[in-house]
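First the structure, in the form of structure tokens, and then the observations on it.
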Amino acid sequence: MPESIKKPVISAELDARLHLIFDSFHRLTGRVLVESNQHERLSDLLWDAPRAILAHGTEADPVFFYGNRLALELFELDFAAFTRLPSRYSAEPLAREARARLLERVTQHGYIDDYSGVRISSSGKRFRIERVIVWNLLDEAGKLHGQAATFTEWLGLPD
């Protein structure tokens, strides 16, 4: 695992994507992803949230474009490495089929809030995530830009 997870530089493109994560979550679920205030930037609120937040794009083999500090700690990657990772590699090979079915359900329904599954870190550590909310990243015009997930519950598993 990286010795210290550093917050990435927030480009205009990443800032727009972070707002899409935040706004899509609220639009689809009616819930607030993180409590915001006038004094903190959204990028700081998402980065330091007490929940894992991650998102991938719409490529043929979607690649993560964001993971907050907690997500990076769980996956044992720094931001640069995480944002080069095809999201399917976050699951064990046997769990990838179930993950694909999950993403299809999200595509059809906009979001789900009942997912549980096993994920694997870069060092091979397995952990179970519970009560995961997965949602489509839709702009105000309804264009799909990817999918995101958040969770607050995980449990390390034996090797």
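A note on labels: chains of the structure tokens are A, B, ... as shown, every chain counts residues from 1, and ligands are counted from 1 in their shown order.
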Exercise for review: Name all residues at most 10 Å from region 46-54 of chain A (count only C-alpha atoms; drop same-chain ones fewer than 4 positions away) and give them as an NGL selection string.
Suggested key: :A and (6-8 or 18-19 or 21-22 or 33-36 or 41-42 or 64-74 or 82-83 or 87 or 132-134 or 147-154)
Exercise for review: For CA of Pro62 (chain A) and CA of Glu13 (chain A), determine how far apart the two atoms are, in Å to one decimal place.
Suggested key: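 So the answer is 17.3 Å.
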**Study point:** Nearest candidate to His109 (chain A) (options A:Leu45, A:Ala141, A:Leu28, A:Ile10; using only C-alpha atoms)
**Key:**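 The answer is A:Leu28, which sits nearest to His109 (chain A).
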Practice item. Quote the spacing between CA of Ser24 (chain A) and CA of Asp139 (chain A) in Å to one decimal place. Key: 7.0 Å
Exercise for review: List every residue of region 63-133 of chain A that DSSP, applied to the backbone, labels as alpha helix (DSSP H), and write the result as an NGL selection string.
Suggested key: :A and (69-75 or 79-82 or 96-109)
Review point. Pick from A:Ala60, A:Leu137, A:Ile112, A:Ile120: nearest to Asp23 (chain A), with only C-alpha atoms counted?
Key: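 So, comparing all the options, the nearest one is A:Leu137.
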Exercise for review: Go through A:Pro86, A:Gln108, A:Arg128, A:Ala55 one by one, measure the shortest atom-to-atom distance of each to Phe25 (chain A) using only C-alpha atoms, and give the residue with the smallest value.
Suggested key: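 Among A:Pro86, A:Gln108, A:Arg128, A:Ala55, it is A:Ala55 that comes nearest to Phe25 (chain A).
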**Study point:** Picked from region 37-137 of chain A by DSSP as strand (DSSP E or B), as a VMD selection string
**Key:** chain A and resid 52 to 56 63 to 67 86 91 111 to 120 126 to 137
Residues as selected, N, CA and C atoms, written as a CSV table (one decimal), in the first residue's frame, can you do that?
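In the end it all went to again12.csv:
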```
chain,number,residue,atom,x,y,z
A,52,ALA,N,-16.3,5.0,1.4
A,52,ALA,CA,-15.6,4.9,0.1
A,52,ALA,C,-16.4,5.4,-1.0
A,53,ILE,N,-15.8,6.1,-1.9
A,53,ILE,CA,-16.5,6.7,-3.1
A,53,ILE,C,-15.6,6.4,-4.3
A,54,LEU,N,-16.1,5.8,-5.3
A,54,LEU,CA,-15.3,5.5,-6.5
A,54,LEU,C,-16.2,5.5,-7.7
A,55,ALA,N,-15.6,5.8,-8.9
A,55,ALA,CA,-16.3,5.9,-10.1
A,55,ALA,C,-15.5,5.5,-11.3
A,56,HIS,N,-16.2,5.0,-12.3
A,56,HIS,CA,-15.5,4.7,-13.6
A,56,HIS,C,-16.3,5.3,-14.7
A,63,VAL,N,-12.6,2.2,-16.9
A,63,VAL,CA,-11.5,2.5,-16.0
A,63,VAL,C,-11.9,3.5,-14.9
A,64,PHE,N,-11.4,3.2,-13.7
A,64,PHE,CA,-11.7,4.1,-12.6
A,64,PHE,C,-11.2,5.5,-13.0
A,65,PHE,N,-12.0,6.6,-12.7
A,65,PHE,CA,-11.4,7.9,-12.8
A,65,PHE,C,-11.4,8.6,-11.5
A,66,TYR,N,-12.0,8.0,-10.4
A,66,TYR,CA,-11.9,8.6,-9.1
A,66,TYR,C,-12.0,7.5,-8.1
A,67,GLY,N,-11.3,7.7,-7.0
A,67,GLY,CA,-11.4,7.0,-5.8
A,67,GLY,C,-11.0,7.9,-4.7
A,86,PRO,N,-8.7,-0.8,-14.8
A,86,PRO,CA,-10.0,-1.2,-15.3
A,86,PRO,C,-10.9,-1.6,-14.1
A,91,ALA,N,-12.6,-6.7,-8.7
A,91,ALA,CA,-13.3,-7.9,-8.2
A,91,ALA,C,-12.4,-9.1,-8.6
A,111,TYR,N,-30.1,3.2,-10.2
A,111,TYR,CA,-29.2,2.9,-9.1
A,111,TYR,C,-29.8,1.7,-8.3
A,112,ILE,N,-28.9,1.1,-7.5
A,112,ILE,CA,-29.3,0.1,-6.6
A,112,ILE,C,-28.7,0.4,-5.2
A,113,ASP,N,-29.3,-0.1,-4.2
A,113,ASP,CA,-28.7,0.2,-2.8
A,113,ASP,C,-28.6,-1.0,-2.0
A,114,ASP,N,-28.5,-2.2,-2.7
A,114,ASP,CA,-28.5,-3.5,-1.9
A,114,ASP,C,-27.4,-4.4,-2.3
A,115,TYR,N,-26.3,-3.9,-2.9
A,115,TYR,CA,-25.2,-4.7,-3.4
A,115,TYR,C,-24.3,-5.1,-2.3
A,116,SER,N,-23.8,-6.4,-2.3
A,116,SER,CA,-22.8,-6.9,-1.5
A,116,SER,C,-21.9,-7.7,-2.3
A,117,GLY,N,-20.6,-7.7,-2.0
A,117,GLY,CA,-19.7,-8.5,-2.8
A,117,GLY,C,-18.3,-8.5,-2.3
A,118,VAL,N,-17.4,-9.3,-2.9
A,118,VAL,CA,-16.0,-9.4,-2.5
A,118,VAL,C,-15.2,-8.6,-3.4
A,119,ARG,N,-14.3,-7.8,-2.9
A,119,ARG,CA,-13.3,-7.1,-3.7
A,119,ARG,C,-11.9,-7.5,-3.3
A,120,ILE,N,-10.9,-7.1,-4.1
A,120,ILE,CA,-9.6,-7.5,-3.9
A,120,ILE,C,-8.6,-6.3,-4.0
A,126,ARG,N,-8.4,-9.7,0.3
A,126,ARG,CA,-9.9,-9.8,0.0
A,126,ARG,C,-10.7,-9.1,1.1
A,127,PHE,N,-11.7,-8.3,0.6
A,127,PHE,CA,-12.6,-7.7,1.6
A,127,PHE,C,-14.0,-7.7,1.1
A,128,ARG,N,-15.0,-7.9,2.0
A,128,ARG,CA,-16.4,-7.9,1.6
A,128,ARG,C,-17.0,-6.6,1.8
A,129,ILE,N,-17.7,-6.1,0.8
A,129,ILE,CA,-18.4,-4.8,0.9
A,129,ILE,C,-19.8,-5.0,1.1
A,130,GLU,N,-20.5,-4.3,1.9
A,130,GLU,CA,-21.9,-4.5,2.2
A,130,GLU,C,-22.7,-3.2,2.0
A,131,ARG,N,-24.0,-3.4,1.7
A,131,ARG,CA,-24.9,-2.3,1.5
A,131,ARG,C,-24.4,-1.2,0.6
A,132,VAL,N,-23.8,-1.6,-0.5
A,132,VAL,CA,-23.2,-0.7,-1.5
A,132,VAL,C,-24.3,0.0,-2.3
A,133,ILE,N,-24.2,1.3,-2.5
A,133,ILE,CA,-25.1,2.0,-3.4
A,133,ILE,C,-24.3,2.2,-4.7
A,134,VAL,N,-24.8,1.8,-5.8
A,134,VAL,CA,-24.2,2.0,-7.1
A,134,VAL,C,-25.2,2.7,-8.0
A,135,TRP,N,-24.7,3.8,-8.7
A,135,TRP,CA,-25.6,4.6,-9.5
A,135,TRP,C,-25.0,5.1,-10.8
A,136,ASN,N,-25.8,5.4,-11.7
A,136,ASN,CA,-25.4,5.9,-13.0
A,136,ASN,C,-25.0,7.3,-12.8
A,137,LEU,N,-23.9,7.7,-13.5
A,137,LEU,CA,-23.5,9.1,-13.6
A,137,LEU,C,-24.2,9.8,-14.8
```
Exercise for review: Give me the residues within 10 Å of Lys125 (chain A) as a list in words, counting only C-alpha atoms and dropping any in the same chain fewer than 3 places off.
Suggested key: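 The residues that qualify are Leu74, Phe75, Glu76, Arg119, Ile120, Ser121, Ser122, Gly156, Leu157, Pro158 and Asp159 of chain A.
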